[in-house]
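Asker: Supplied in structure tokens, the structure appears directly below.
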Amino acid sequence: MPKHALRRVMAASAALAGTLALGLTDATAHATPSLDYVALGDSYSAGSGVLPVDLTNLLCLRSTANYPHVIASATGARLKDVTCGAAQTSHFTQAQYPGVAPQVDALSTGTDLVTLTIGGNDNNTFINAITACGSAGVLSGGKGSPCKDRHGTSFVDQIETNTYPALKAALRTVRDKAPDARVAALGYPWITPATADPSCFVKLPVAAGDVPYLRDIQTRLNAVVERAAEETGATYVDFSRVSEGHDACEAPGTRWIEPLLFGHSLVPVHPNALGERRMAEHTMSVLGLS
């Protein structure tokens with residue numbers, strides 16, 4: 001090859017190498033670092049009843065297919081999952097079980113993202129309301145509103161008086177521990193339809209007049225979660241619209257929440273695998289991560 005041709009080839013090769021190096025440097029400079037993501041919360045966050053089970057802590061009934069794992073897989077985030085079934089707001093700062101640290105201990109100044117559902121177990125709201133209304137529904141043969149007649153405003157009074165301030169305190173603690181993190185407080189997807197479905201009574205034995213009563217209790221709970229989030233600088237993820245038509249009375253493949261009886265989950269009245277995926281997808285949409 002003539003010398004002048006060789007010089008042109010060498011010059012072109014050097015230019016190409018420089019361009020590639022510049023491109024790699026530029027790509028590296030603009031690469032998005034992986035999020036440090038901590039998942040807090042109760043059984044709706046833990047995915048209790050959804051397989052496969054996280055074998056690292058069987059006490060917490062945590063699933064490796066819960067919405068935090070779905071979010072982490074989709075975003076490439078580094079996930080620290082300390083969600084735990086039956087958790088109350090107090091378990092953000094107190095040990096729930098021996099050997100299970102307070103949940104906020106997982107947070108640090110380097111945490112970028114925090115998600116949580118919490119509050120439904122305070123005052124045993126969920127379990128007491130479902131148990132009370134289910135029992136009353138069976139005894140009444142599904143007629144009337146025996147649960148509402150007996151308990152009146154007691155559930156929502158407890159939510160306002162006890163759960164709301166506890167939520168604010170818990171979210172403030174999260175902010176103190178992870179001051180630069182984006183915090184997402186998720187509402188709870190609908191458990192019941194807006195009005196009674198007679199065909200659902202065998203799966204969710206709640207009297208016709210108590211179906212909207214239970215829905216109102218959940219509405220109030222979600223409202224205080226939203227209020228506490230707004231007042232502490234967190235983002236509220238609202239499921240009231242997107243989970244409509246996916247309650248426990250719907251058919252498998254449509255419902256996000258399993259019914260009390262004859263469901264397909266080890267833990268009734270909780271999100272199934274589809275519900276956990278949809279919770280993840282909507283959360284990512286709200287946070288701009290999808």
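Starting from 1 in every chain, residues are counted up; chains themselves are A, B, ... following the order of the structure tokens, and ligands are numbered from 1 as listed.
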Enumerate as a short mmCIF file (atom, residue, chain, number, x, y, z; two decimals) with C-alpha atoms, in the first residue's frame all residues of stretch 36-278 of chain A assigned to alpha helix (DSSP H) by DSSP on the backbone, naming them with the chain letters and numbers the document uses.
Answerer:
data_model
loop_
_atom_site.label_atom_id
_atom_site.label_comp_id
_atom_site.auth_asym_id
_atom_site.auth_seq_id
_atom_site.Cartn_x
_atom_site.Cartn_y
_atom_site.Cartn_z
CA SER A 43 -49.34 -7.28 53.62
CA TYR A 44 -50.61 -5.36 50.57
CA SER A 45 -47.01 -4.31 49.95
CA ALA A 46 -45.58 -7.66 51.00
CA TYR A 67 -45.31 -4.94 43.65
CA PRO A 68 -41.91 -3.76 44.99
CA HIS A 69 -40.18 -6.63 43.18
CA VAL A 70 -42.13 -5.87 40.00
CA ILE A 71 -41.06 -2.21 40.18
CA ALA A 72 -37.44 -3.13 40.88
CA SER A 73 -37.36 -5.58 37.98
CA ALA A 74 -38.86 -3.05 35.57
CA THR A 75 -36.60 -0.16 36.61
CA THR A 125 -59.52 -1.91 60.84
CA PHE A 126 -59.45 -4.30 57.91
CA ILE A 127 -59.74 -7.56 59.80
CA ASN A 128 -62.34 -6.30 62.27
CA ALA A 129 -64.53 -4.73 59.61
CA ILE A 130 -64.40 -7.75 57.29
CA THR A 131 -64.95 -10.22 60.14
CA ALA A 132 -67.78 -8.22 61.70
CA CYS A 133 -69.60 -7.61 58.45
CA GLY A 134 -69.02 -11.13 57.17
CA SER A 135 -70.43 -12.67 60.35
CA ALA A 136 -73.39 -10.30 60.37
CA GLY A 137 -74.03 -11.03 56.71
CA VAL A 138 -74.20 -14.78 57.26
CA LEU A 139 -76.55 -14.41 60.22
CA SER A 140 -78.84 -12.04 58.30
CA PRO A 146 -76.68 -5.42 60.23
CA CYS A 147 -72.98 -4.48 60.41
CA LYS A 148 -73.65 -0.79 59.86
CA ASP A 149 -76.56 -0.91 62.29
CA ARG A 150 -74.35 -2.35 65.00
CA HIS A 151 -71.04 -0.55 64.46
CA SER A 154 -66.91 3.35 65.01
CA PHE A 155 -64.52 2.23 62.27
CA VAL A 156 -64.21 5.60 60.56
CA ASP A 157 -63.97 7.35 63.94
CA GLN A 158 -60.92 5.21 64.77
CA TYR A 164 -54.52 9.56 60.57
CA PRO A 165 -52.07 11.03 63.12
CA ALA A 166 -50.15 7.74 63.20
CA LEU A 167 -49.78 7.87 59.41
CA LYS A 168 -48.47 11.43 59.53
CA ALA A 169 -45.95 10.52 62.21
CA ALA A 170 -44.80 7.44 60.29
CA LEU A 171 -44.35 9.39 57.04
CA ARG A 172 -42.45 12.15 58.84
CA THR A 173 -40.09 9.52 60.22
CA VAL A 174 -39.55 8.19 56.70
CA ARG A 175 -38.73 11.71 55.54
CA ASP A 176 -36.29 12.22 58.42
CA LYS A 177 -34.48 8.97 57.65
CA VAL A 211 -71.35 -3.61 50.96
CA PRO A 212 -71.43 0.20 50.53
CA TYR A 213 -70.76 0.51 54.27
CA LEU A 214 -67.47 -1.40 53.90
CA ARG A 215 -66.66 0.62 50.80
CA ASP A 216 -67.15 3.84 52.78
CA ILE A 217 -64.75 2.61 55.45
CA GLN A 218 -62.11 1.93 52.83
CA THR A 219 -62.80 5.30 51.20
CA ARG A 220 -62.15 7.03 54.52
CA LEU A 221 -58.96 5.07 55.08
CA ASN A 222 -57.63 5.98 51.65
CA ALA A 223 -58.60 9.60 52.26
CA VAL A 224 -56.47 9.85 55.40
CA VAL A 225 -53.55 8.15 53.63
CA GLU A 226 -53.85 10.78 50.91
CA ARG A 227 -54.09 13.62 53.41
CA ALA A 228 -51.10 12.40 55.42
CA ALA A 229 -49.07 12.00 52.24
CA GLU A 230 -49.84 15.52 51.05
CA GLU A 231 -49.00 17.00 54.44
CA ALA A 273 -50.43 -11.74 41.59
CA LEU A 274 -52.36 -9.74 39.00
CA GLY A 275 -53.24 -7.13 41.62
CA GLU A 276 -49.61 -6.78 42.68
CA ARG A 277 -48.54 -6.30 39.05
CA ARG A 278 -51.22 -3.69 38.45
#
Asker: Between atom CA of A:Ala87 and atom CA of A:Leu260, what is the distance in Å, rounded to a tenth?
Answerer: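 These two atoms are separated by 20.0 Å.
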Asker: Check stretch 123-199 of chain A with DSSP on the backbone and list each residue it calls strand (DSSP E or B), as a ChimeraX atom specification.
Answerer: /A:182-186
Asker: What would the file look like if the residues just selected were written as a tab-separated table (two decimals), in the first residue's frame with all heavy atoms?
Answerer:
chain	number	residue	atom	x	y	z
A	182	ARG	N	-37.79	10.04	47.10
A	182	ARG	CA	-39.16	10.23	46.65
A	182	ARG	C	-39.99	9.16	47.35
A	182	ARG	O	-39.69	7.95	47.25
A	182	ARG	CB	-39.26	10.08	45.14
A	182	ARG	CG	-40.64	10.48	44.63
A	182	ARG	CD	-40.66	10.65	43.14
A	182	ARG	NE	-41.92	11.23	42.72
A	182	ARG	CZ	-42.29	11.34	41.46
A	182	ARG	NH1	-41.49	10.91	40.50
A	182	ARG	NH2	-43.46	11.88	41.14
A	183	VAL	N	-41.01	9.59	48.07
A	183	VAL	CA	-41.82	8.68	48.88
A	183	VAL	C	-43.21	8.56	48.24
A	183	VAL	O	-43.88	9.56	48.01
A	183	VAL	CB	-41.95	9.19	50.33
A	183	VAL	CG1	-42.80	8.22	51.15
A	183	VAL	CG2	-40.57	9.36	50.95
A	184	ALA	N	-43.62	7.33	47.97
A	184	ALA	CA	-44.93	7.06	47.39
A	184	ALA	C	-45.77	6.28	48.39
A	184	ALA	O	-45.41	5.16	48.77
A	184	ALA	CB	-44.80	6.28	46.09
A	185	ALA	N	-46.87	6.89	48.83
A	185	ALA	CA	-47.82	6.22	49.73
A	185	ALA	C	-48.99	5.74	48.88
A	185	ALA	O	-49.74	6.56	48.34
A	185	ALA	CB	-48.29	7.18	50.82
A	186	LEU	N	-49.15	4.45	48.78
A	186	LEU	CA	-50.19	3.88	47.94
A	186	LEU	C	-51.51	3.75	48.70
A	186	LEU	O	-51.52	3.37	49.87
A	186	LEU	CB	-49.80	2.49	47.43
A	186	LEU	CG	-48.82	2.39	46.26
A	186	LEU	CD1	-47.44	2.96	46.63
A	186	LEU	CD2	-48.68	0.94	45.81
Asker: Looking at only C-alpha atoms, which of A:Gly233, A:Val202, A:Pro102, A:Leu61 is the one that sits closest to A:Ser48?
Answerer: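 Looking at the shortest contact to A:Ser48, the residue is A:Leu61.
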Asker: Could you tell me how far atom CA of A:Gly120 lies from atom CA of A:Gln88, in Å and to one decimal?
Answerer: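 Result for atom CA of A:Gly120 versus atom CA of A:Gln88: 7.5 Å, one decimal.
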Asker: Looking at A:Gly141, A:Pro52, A:Gly288, A:Gly41, which one is nearest to A:Val114, with distances taken over only C-alpha atoms?
Answerer: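 Using only C-alpha atoms, A:Val114 sits closest to A:Gly41.
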Asker: Measure the distance from atom CA of A:Ser240 to atom CA of A:Ala77 in Å and round it to one decimal.
Answerer: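 Those two atoms sit 26.9 Å apart.
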Asker: Mind checking which residues fall within 10 Å of A:Glu244, counting only C-alpha atoms, ignoring those fewer than 4 positions away in the same chain, and posting them as a VMD selection string?
Answerer: chain A and resid 189 to 194 239 to 240 255 to 256
Asker: Please list as a CSV table (one decimal) with N, CA and C atoms, in the first residue's frame every residue within 8 Å of A:Pro259, counting only C-alpha atoms and excluding residues in the same chain fewer than 5 positions away.
Answerer:
chain,number,residue,atom,x,y,z
A,203,LYS,N,-69.0,-15.8,48.0
A,203,LYS,CA,-67.5,-15.5,48.1
A,203,LYS,C,-67.2,-14.4,49.1
A,204,LEU,N,-68.1,-13.5,49.2
A,204,LEU,CA,-67.9,-12.4,50.2
A,204,LEU,C,-69.3,-12.2,50.9
A,248,ALA,N,-63.0,-7.9,44.8
A,248,ALA,CA,-63.0,-9.3,45.1
A,248,ALA,C,-64.2,-10.1,44.6
A,249,CYS,N,-65.2,-9.4,44.1
A,249,CYS,CA,-66.4,-10.0,43.5
A,249,CYS,C,-66.2,-10.4,42.1
A,268,PRO,N,-56.8,-14.6,52.1
A,268,PRO,CA,-58.0,-14.0,51.5
A,268,PRO,C,-58.0,-12.5,51.7
A,269,VAL,N,-58.8,-11.8,50.9
A,269,VAL,CA,-59.1,-10.4,50.9
A,269,VAL,C,-57.7,-9.6,50.8
A,270,HIS,N,-56.9,-10.1,49.9
A,270,HIS,CA,-55.6,-9.5,49.7
A,270,HIS,C,-55.3,-9.5,48.2
Asker: Check the smallest atom-to-atom distance from each of A:Gly253, A:Leu55, A:Ile159, A:Ala280 to A:Ala39 using only C-alpha atoms, then report the winner.
Answerer: A:Ala280
Asker: Kindly indicate which residue among A:Ala181, A:Leu40, A:Val100, A:Leu107 lies nearest to A:Val82, using only C-alpha atoms for the distances.
Answerer: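 Smallest separation from A:Val82 among the options: A:Leu40.
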Asker: Select, from A:Pro98, A:Leu58, A:His264, A:Asp210, the residue with the minimum atom-to-atom distance to A:Asp197, counting only C-alpha atoms.
Answerer: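 The closest residue to A:Asp197 is A:Asp210.
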